[in-house]
>>> print(open('run_14.csv').read())   # CSV, C-alpha atoms
chain,number,residue,atom,x,y,z
A,1,MET,CA,-9.7,-31.1,-24.5
A,2,ASN,CA,-12.6,-30.8,-27.0
A,3,VAL,CA,-15.2,-28.0,-27.0
A,4,LYS,CA,-17.8,-30.2,-25.3
A,5,THR,CA,-15.4,-31.1,-22.5
A,6,ALA,CA,-14.4,-27.5,-22.0
A,7,LEU,CA,-18.1,-26.5,-21.8
A,8,ARG,CA,-18.7,-29.2,-19.2
A,9,VAL,CA,-15.9,-27.9,-17.0
A,10,ILE,CA,-17.4,-24.4,-17.1
A,11,GLU,CA,-20.8,-25.9,-16.2
A,12,ILE,CA,-19.4,-27.7,-13.2
A,13,ILE,CA,-17.8,-24.4,-11.9
A,14,GLU,CA,-21.1,-22.5,-12.5
A,15,THR,CA,-23.0,-25.2,-10.7
A,16,PHE,CA,-20.9,-24.9,-7.6
A,17,ALA,CA,-21.2,-21.1,-7.8
A,18,ARG,CA,-25.0,-21.4,-7.9
A,19,GLU,CA,-25.4,-24.2,-5.3
A,20,ARG,CA,-22.8,-22.9,-2.8
A,21,ARG,CA,-22.3,-26.2,-1.1
A,22,ALA,CA,-20.4,-29.5,-1.5
A,23,LEU,CA,-21.9,-31.8,-4.1
A,24,SER,CA,-21.6,-35.5,-4.5
A,25,LEU,CA,-20.9,-37.0,-7.9
A,26,SER,CA,-24.5,-38.1,-8.2
A,27,GLU,CA,-25.8,-34.7,-7.2
A,28,LEU,CA,-23.6,-32.9,-9.7
A,29,ALA,CA,-24.7,-35.3,-12.5
A,30,ARG,CA,-28.3,-34.7,-11.6
A,31,LEU,CA,-27.9,-30.9,-11.7
A,32,LEU,CA,-26.1,-31.1,-15.0
A,33,ALA,CA,-28.6,-33.6,-16.4
A,34,VAL,CA,-25.8,-35.9,-17.5
A,35,PRO,CA,-24.8,-39.5,-16.6
A,36,ALA,CA,-22.6,-39.8,-13.5
A,37,SER,CA,-20.0,-41.6,-15.7
A,38,SER,CA,-19.7,-38.4,-17.8
A,39,CYS,CA,-18.8,-36.4,-14.7
A,40,LEU,CA,-16.5,-38.9,-13.0
A,41,ALA,CA,-13.4,-38.4,-15.2
A,42,LEU,CA,-13.7,-34.6,-15.1
A,43,ILE,CA,-14.1,-34.6,-11.3
A,44,ARG,CA,-11.1,-36.8,-10.9
A,45,THR,CA,-9.0,-34.5,-13.2
A,46,LEU,CA,-10.1,-31.3,-11.5
A,47,THR,CA,-9.4,-32.9,-8.1
A,48,SER,CA,-5.9,-34.1,-9.2
A,49,LEU,CA,-5.1,-30.6,-10.5
A,50,GLY,CA,-6.1,-29.0,-7.2
A,51,TYR,CA,-9.3,-27.2,-8.3
A,52,LEU,CA,-11.6,-29.5,-6.3
A,53,TYR,CA,-11.2,-31.4,-3.1
A,54,GLU,CA,-13.3,-34.0,-1.3
A,55,THR,CA,-14.7,-32.4,1.8
A,56,ALA,CA,-15.0,-35.8,3.5
A,57,ARG,CA,-15.2,-39.4,2.3
A,58,ARG,CA,-18.5,-39.8,0.3
A,59,GLN,CA,-19.7,-36.4,1.4
A,60,GLY,CA,-19.0,-34.5,-1.8
A,61,TYR,CA,-16.6,-32.2,-3.6
A,62,TYR,CA,-16.1,-28.4,-3.4
A,63,PRO,CA,-13.8,-26.0,-5.3
A,64,THR,CA,-10.5,-25.1,-3.6
A,65,GLY,CA,-9.1,-21.5,-3.4
A,66,ARG,CA,-7.0,-22.2,-6.5
A,67,LEU,CA,-9.7,-21.2,-8.9
A,68,LEU,CA,-10.2,-17.9,-7.0
A,69,ALA,CA,-6.4,-17.2,-6.9
A,70,MET,CA,-6.1,-17.8,-10.6
A,71,ALA,CA,-9.1,-15.6,-11.4
A,72,GLN,CA,-7.6,-12.8,-9.2
A,73,GLN,CA,-4.3,-13.1,-11.0
A,74,ILE,CA,-6.1,-12.8,-14.4
A,75,ALA,CA,-8.2,-9.8,-13.2
A,76,ARG,CA,-5.2,-8.0,-11.9
A,77,HIS,CA,-3.5,-8.0,-15.3
A,78,ASP,CA,-6.5,-7.3,-17.5
A,79,PRO,CA,-5.3,-4.5,-19.8
A,80,VAL,CA,-8.7,-2.9,-20.2
A,81,LEU,CA,-10.1,-3.2,-16.7
A,82,ASP,CA,-6.8,-2.0,-15.2
A,83,ARG,CA,-7.1,1.1,-17.3
A,84,VAL,CA,-10.7,1.9,-16.4
A,85,HIS,CA,-10.9,0.7,-12.8
A,86,ASP,CA,-10.0,3.9,-11.0
A,87,THR,CA,-12.4,5.9,-13.2
A,88,MET,CA,-15.2,3.4,-12.5
A,89,LEU,CA,-14.5,3.6,-8.8
A,90,GLU,CA,-14.7,7.4,-8.9
A,91,LEU,CA,-18.1,7.2,-10.6
A,92,ARG,CA,-19.4,4.7,-8.2
A,93,ASP,CA,-18.3,6.7,-5.2
A,94,ALA,CA,-19.6,10.0,-6.7
A,95,THR,CA,-23.0,8.6,-7.5
A,96,GLY,CA,-23.4,5.9,-5.0
A,97,GLU,CA,-24.7,3.6,-7.7
A,98,THR,CA,-23.5,0.5,-9.5
A,99,VAL,CA,-21.1,1.1,-12.4
A,100,VAL,CA,-20.6,-1.4,-15.2
A,101,ILE,CA,-18.4,-1.6,-18.3
A,102,GLY,CA,-19.5,-3.7,-21.2
A,103,LYS,CA,-18.6,-4.6,-24.8
A,104,LEU,CA,-20.4,-6.1,-27.8
A,105,HIS,CA,-20.6,-9.9,-27.6
A,106,GLU,CA,-20.9,-11.9,-30.8
A,107,GLY,CA,-22.4,-9.0,-32.7
A,108,SER,CA,-25.8,-9.1,-31.0
A,109,ALA,CA,-25.6,-8.8,-27.2
A,110,VAL,CA,-23.7,-7.0,-24.4
A,111,VAL,CA,-21.3,-8.8,-22.2
A,112,TYR,CA,-20.4,-7.2,-18.8
A,113,LEU,CA,-16.7,-7.1,-18.2
A,114,ASP,CA,-16.6,-5.6,-14.8
A,115,VAL,CA,-19.2,-4.5,-12.2
A,116,LEU,CA,-18.6,-2.2,-9.2
A,117,GLU,CA,-21.7,-2.5,-7.0
A,118,SER,CA,-23.4,0.3,-5.2
A,119,PRO,CA,-23.0,0.3,-1.4
A,120,HIS,CA,-26.8,0.8,-1.0
A,121,ALA,CA,-28.8,-2.2,0.3
A,122,ILE,CA,-31.2,-1.6,-2.6
A,123,ARG,CA,-29.0,-1.6,-5.7
A,124,TYR,CA,-28.5,-2.9,-9.2
A,125,ILE,CA,-26.8,-6.3,-9.0
A,126,ALA,CA,-24.9,-7.9,-11.9
A,127,THR,CA,-21.9,-10.2,-12.4
A,128,ALA,CA,-19.0,-9.9,-14.8
A,129,GLY,CA,-19.6,-12.2,-17.8
A,130,GLU,CA,-23.4,-11.8,-17.8
A,131,ARG,CA,-24.9,-11.0,-21.2
A,132,ARG,CA,-27.8,-8.6,-21.9
A,133,GLU,CA,-29.9,-7.8,-25.0
A,134,LEU,CA,-28.7,-4.8,-26.9
A,135,HIS,CA,-32.2,-3.2,-27.4
A,136,ALA,CA,-33.1,-3.1,-23.7
A,137,ASN,CA,-29.8,-2.2,-22.1
A,138,SER,CA,-28.2,1.3,-21.7
A,139,ILE,CA,-24.8,-0.1,-22.6
A,140,GLY,CA,-26.3,-1.9,-25.6
A,141,LYS,CA,-27.8,1.3,-26.8
A,142,ALA,CA,-24.5,3.2,-26.4
A,143,LEU,CA,-22.7,0.5,-28.4
A,144,LEU,CA,-25.3,0.6,-31.2
A,145,ALA,CA,-25.0,4.3,-31.4
A,146,ALA,CA,-21.2,4.2,-31.7
A,147,MET,CA,-21.5,2.0,-34.8
A,148,ASP,CA,-21.6,3.5,-38.2
A,149,ASP,CA,-24.9,3.4,-40.1
A,150,ALA,CA,-24.0,0.4,-42.2
A,151,GLU,CA,-22.8,-1.7,-39.2
A,152,ARG,CA,-25.9,-0.8,-37.2
A,153,ALA,CA,-28.2,-1.6,-40.1
A,154,ALA,CA,-26.6,-5.1,-40.3
A,155,VAL,CA,-27.0,-5.7,-36.6
A,156,LEU,CA,-30.6,-4.5,-36.0
A,157,PRO,CA,-32.3,-7.2,-38.1
A,158,GLN,CA,-30.6,-9.9,-36.0
A,159,LEU,CA,-32.2,-8.7,-32.7
A,160,ALA,CA,-35.2,-10.5,-31.4
A,161,PHE,CA,-36.6,-7.3,-29.7
A,162,GLN,CA,-38.1,-9.3,-26.8
A,163,ALA,CA,-40.5,-7.3,-24.6
A,164,PHE,CA,-39.3,-7.5,-21.0
A,165,THR,CA,-41.6,-4.8,-19.7
A,166,PRO,CA,-44.3,-2.5,-21.2
A,167,ARG,CA,-41.5,0.1,-21.7
A,168,THR,CA,-39.2,-2.1,-23.8
A,169,LEU,CA,-38.5,-0.9,-27.3
A,170,THR,CA,-39.7,-3.7,-29.6
A,171,SER,CA,-38.9,-2.5,-33.1
A,172,ALA,CA,-35.8,-1.3,-35.0
A,173,GLY,CA,-37.6,2.0,-35.8
A,174,SER,CA,-38.4,2.8,-32.2
A,175,LEU,CA,-34.9,2.0,-31.2
A,176,GLU,CA,-33.3,4.2,-33.9
A,177,ASP,CA,-35.6,7.1,-32.7
A,178,ASP,CA,-34.4,6.5,-29.1
A,179,LEU,CA,-30.8,6.5,-30.2
A,180,ARG,CA,-31.2,9.8,-32.0
A,181,GLN,CA,-32.9,11.4,-29.0
A,182,SER,CA,-30.2,10.0,-26.7
A,183,ARG,CA,-27.4,11.5,-28.7
A,184,GLY,CA,-28.9,14.9,-28.2
A,185,ARG,CA,-29.6,14.2,-24.5
A,186,GLY,CA,-26.0,13.2,-23.9
A,187,ALA,CA,-26.8,9.8,-22.4
A,188,PHE,CA,-28.3,6.4,-23.6
A,189,VAL,CA,-30.9,5.6,-21.1
A,190,ASN,CA,-32.9,2.6,-19.9
A,191,LEU,CA,-35.7,3.4,-17.5
A,192,GLY,CA,-37.6,0.3,-16.7
A,193,GLU,CA,-37.1,-1.3,-20.2
A,194,SER,CA,-35.3,-4.4,-19.0
A,195,MET,CA,-36.7,-4.7,-15.5
A,196,PRO,CA,-39.6,-2.5,-14.2
A,197,ASP,CA,-37.7,-0.8,-11.4
A,198,VAL,CA,-34.2,-0.6,-12.8
A,199,GLY,CA,-32.8,2.6,-14.4
A,200,ALA,CA,-29.4,3.1,-16.1
A,201,LEU,CA,-27.6,5.5,-18.4
A,202,ALA,CA,-24.5,4.8,-20.5
A,203,TRP,CA,-22.0,6.4,-22.8
A,204,PRO,CA,-19.5,4.8,-25.2
A,205,VAL,CA,-15.8,4.9,-24.8
A,206,ARG,CA,-13.1,3.9,-27.3
A,207,LEU,CA,-10.0,2.2,-25.9
A,208,SER,CA,-7.1,1.1,-28.0
A,209,GLY,CA,-9.4,1.1,-31.1
A,210,GLU,CA,-12.2,-1.0,-29.5
A,211,CYS,CA,-15.6,0.3,-28.5
A,212,TYR,CA,-16.8,-0.2,-24.9
A,213,ALA,CA,-19.5,1.5,-22.9
A,214,ILE,CA,-19.8,2.4,-19.2
A,215,SER,CA,-23.1,2.7,-17.3
A,216,ILE,CA,-24.4,4.0,-14.0
A,217,ALA,CA,-27.3,1.8,-12.8
A,218,GLY,CA,-29.7,1.6,-9.9
A,219,PRO,CA,-33.3,1.9,-8.9
A,220,VAL,CA,-35.3,4.2,-11.2
A,221,TYR,CA,-36.4,6.4,-8.3
A,222,ARG,CA,-32.7,7.2,-7.6
A,223,ILE,CA,-31.4,7.4,-11.2
A,224,GLU,CA,-34.1,9.4,-12.9
A,225,PRO,CA,-33.9,12.6,-10.8
A,226,HIS,CA,-30.2,12.8,-11.5
A,227,LEU,CA,-30.0,11.9,-15.1
A,228,GLU,CA,-28.6,15.2,-16.4
A,229,ARG,CA,-25.9,15.4,-13.6
A,230,TYR,CA,-24.9,11.8,-13.9
A,231,ALA,CA,-24.8,12.1,-17.7
A,232,ALA,CA,-22.3,15.0,-17.5
A,233,MET,CA,-20.1,13.0,-15.1
A,234,LEU,CA,-20.2,9.9,-17.3
A,235,ARG,CA,-19.3,11.8,-20.5
A,236,ALA,CA,-16.4,13.6,-18.8
A,237,ALA,CA,-15.1,10.2,-17.4
A,238,CYS,CA,-15.3,8.6,-20.8
A,239,ALA,CA,-13.6,11.5,-22.5
A,240,SER,CA,-10.8,11.4,-19.9
A,241,LEU,CA,-10.3,7.7,-20.5
A,242,GLU,CA,-9.9,8.2,-24.2
A,243,LYS,CA,-7.1,10.6,-23.6
A,244,THR,CA,-5.1,8.3,-21.5
>>> encode(input="run_14.csv", output="structure tokens")
Amino acid sequence: MNVKTALRVIEIIETFARERRALSLSELARLLAVPASSCLALIRTLTSLGYLYETARRQGYYPTGRLLAMAQQIARHDPVLDRVHDTMLELRDATGETVVIGKLHEGSAVVYLDVLESPHAIRYIATAGERRELHANSIGKALLAAMDDAERAAVLPQLAFQAFTPRTLTSAGSLEDDLRQSRGRGAFVNLGESMPDVGALAWPVRLSGECYAISIAGPVYRIEPHLERYAAMLRAACASLEKT
């Protein structure tokens, strides 16, 4: 399987996740913007391997439970997520907010590795595997701050510094100032910088020689009044993880 074929398989899975319904070959081809012939062999292969099934003759295909079962098997044996899960759960239960762990992705973004969502109806929602910009994300800031000066100086010129809201930091200088203030404050904070009503705070944690960061995220009106208390909880949780 070449890279293009592998990418197409992922796109098929993501399309089913987004559409949440059975899709015919022609619908799938239209949604992927590719010829039906390009999809046919992949659909047949995925069906023969048990990842898709035909819901009824000529009515479309849908993923079987095999994909979920394999994903659960993988998740259950993730060496990093298994180590941090209980701590993240404790933070989620203590704060009532969404807790996320992330890592640097290809040197210029954050990738979320796991997300434990808040039980509140109004909450921060994200999905494992999503990517975020370093400059407008609390985890991104924490990861940048954990770099040595030379590494960070190499990364910052690569960032686009896109302005998502009026509060987004849009220059390397303003971001460096924010990182210095955040170290003293004991938390790397995003209050409406990526989305107007979303607030988050993060702290880095080094596990098996690799740097990660954990954040607590939710509506700004719930996060901002508790920043100091949540920051202390987060720092203690990360320090505990580094000792295990």
>>> closest_residue(input="run_14.csv", among="A:Ala126, A:Leu32, A:Ala154, A:Ala136", to="Asp178 in chain A", atoms="all atoms listed in the file")
A:Ala136
>>> atom_distance(input="run_14.csv", atom1="CA of Val155 in chain A", atom2="CA of Glu133 in chain A")
12.1 Å
>>> closest_residue(input="run_14.csv", among="A:Arg66, A:Arg206, A:His120, A:Arg21", to="Ile101 in chain A", atoms="all atoms listed in the file")
A:Arg206
>>> atom_distance(input="run_14.csv", atom1="CA of Cys211 in chain A", atom2="CA of Asp86 in chain A")
18.7 Å
>>> closest_residue(input="run_14.csv", among="A:Leu40, A:Arg132, A:Asp149, A:Leu25", to="Gln162 in chain A", atoms="only C-alpha atoms")
A:Arg132
>>> atom_distance(input="run_14.csv", atom1="CA of Phe161 in chain A", atom2="CA of Leu134 in chain A")
8.7 Å
>>> closest_residue(input="run_14.csv", among="A:Ala187, A:Asp114, A:Gly107, A:Leu68", to="Ala153 in chain A", atoms="all atoms listed in the file")
A:Gly107
>>> residues_around(input="run_14.csv", residues="Leu169 in chain A", least_positions_apart="6", cutoff="12 Å", atoms="only C-alpha atoms", output="count of residues only")
23
>>> closest_residue(input="run_14.csv", among="A:Arg131, A:Arg20, A:Arg123, A:Arg30", to="Glu97 in chain A", atoms="only C-alpha atoms")
A:Arg123
>>> closest_residue(input="run_14.csv", among="A:Ile12, A:Val99, A:Ala213, A:Ala121", to="Leu52 in chain A", atoms="only C-alpha atoms")
A:Ile12
>>> residues_around(input="run_14.csv", residues="Val205 in chain A", least_positions_apart="4", cutoff="8 Å", atoms="all atoms listed in the file", output="VMD selection string")
chain A and resid 211 to 214 238 to 239 241 to 242
>>> residues_around(input="run_14.csv", residues="Phe16 in chain A", least_positions_apart="3", cutoff="12 Å", atoms="all atoms listed in the file", output="NGL selection string")
:A and (9-13 or 19-24 or 27-28 or 31-32 or 51-52 or 60-64 or 67)
>>> residues_near_point(input="run_14.csv", point="(-13.0, 0.5, -13.6)", cutoff="10 Å", atoms="all atoms listed in the file", output="JSON, numbers by chain")
{"A": [80, 81, 82, 83, 84, 85, 86, 87, 88, 89, 90, 91, 92, 99, 100, 101, 113, 114, 115, 116, 214]}
>>> residues_around(input="run_14.csv", residues="Leu42 in chain A", least_positions_apart="5", cutoff="9 Å", atoms="only C-alpha atoms", output="list in words")
Thr5, Arg8, Val9 and Thr47 of chain A
>>> residues_around(input="run_14.csv", residues="Ile125 in chain A", least_positions_apart="2", cutoff="9 Å", atoms="all atoms listed in the file", output="PyMOL selection string")
chain A and resi 98+115+117-118+123+127+217-218
>>> write_last_selection(input="run_14.csv", atoms="C-alpha atoms", output="PDB file, in the frame of the given file")
ATOM      1  CA  THR A  98     -23.500   0.500  -9.500  1.00  0.00           C
ATOM      2  CA  VAL A 115     -19.200  -4.500 -12.200  1.00  0.00           C
ATOM      3  CA  GLU A 117     -21.700  -2.500  -7.000  1.00  0.00           C
ATOM      4  CA  SER A 118     -23.400   0.300  -5.200  1.00  0.00           C
ATOM      5  CA  ARG A 123     -29.000  -1.600  -5.700  1.00  0.00           C
ATOM      6  CA  THR A 127     -21.900 -10.200 -12.400  1.00  0.00           C
ATOM      7  CA  ALA A 217     -27.300   1.800 -12.800  1.00  0.00           C
ATOM      8  CA  GLY A 218     -29.700   1.600  -9.900  1.00  0.00           C
TER       9      GLY A 218
END
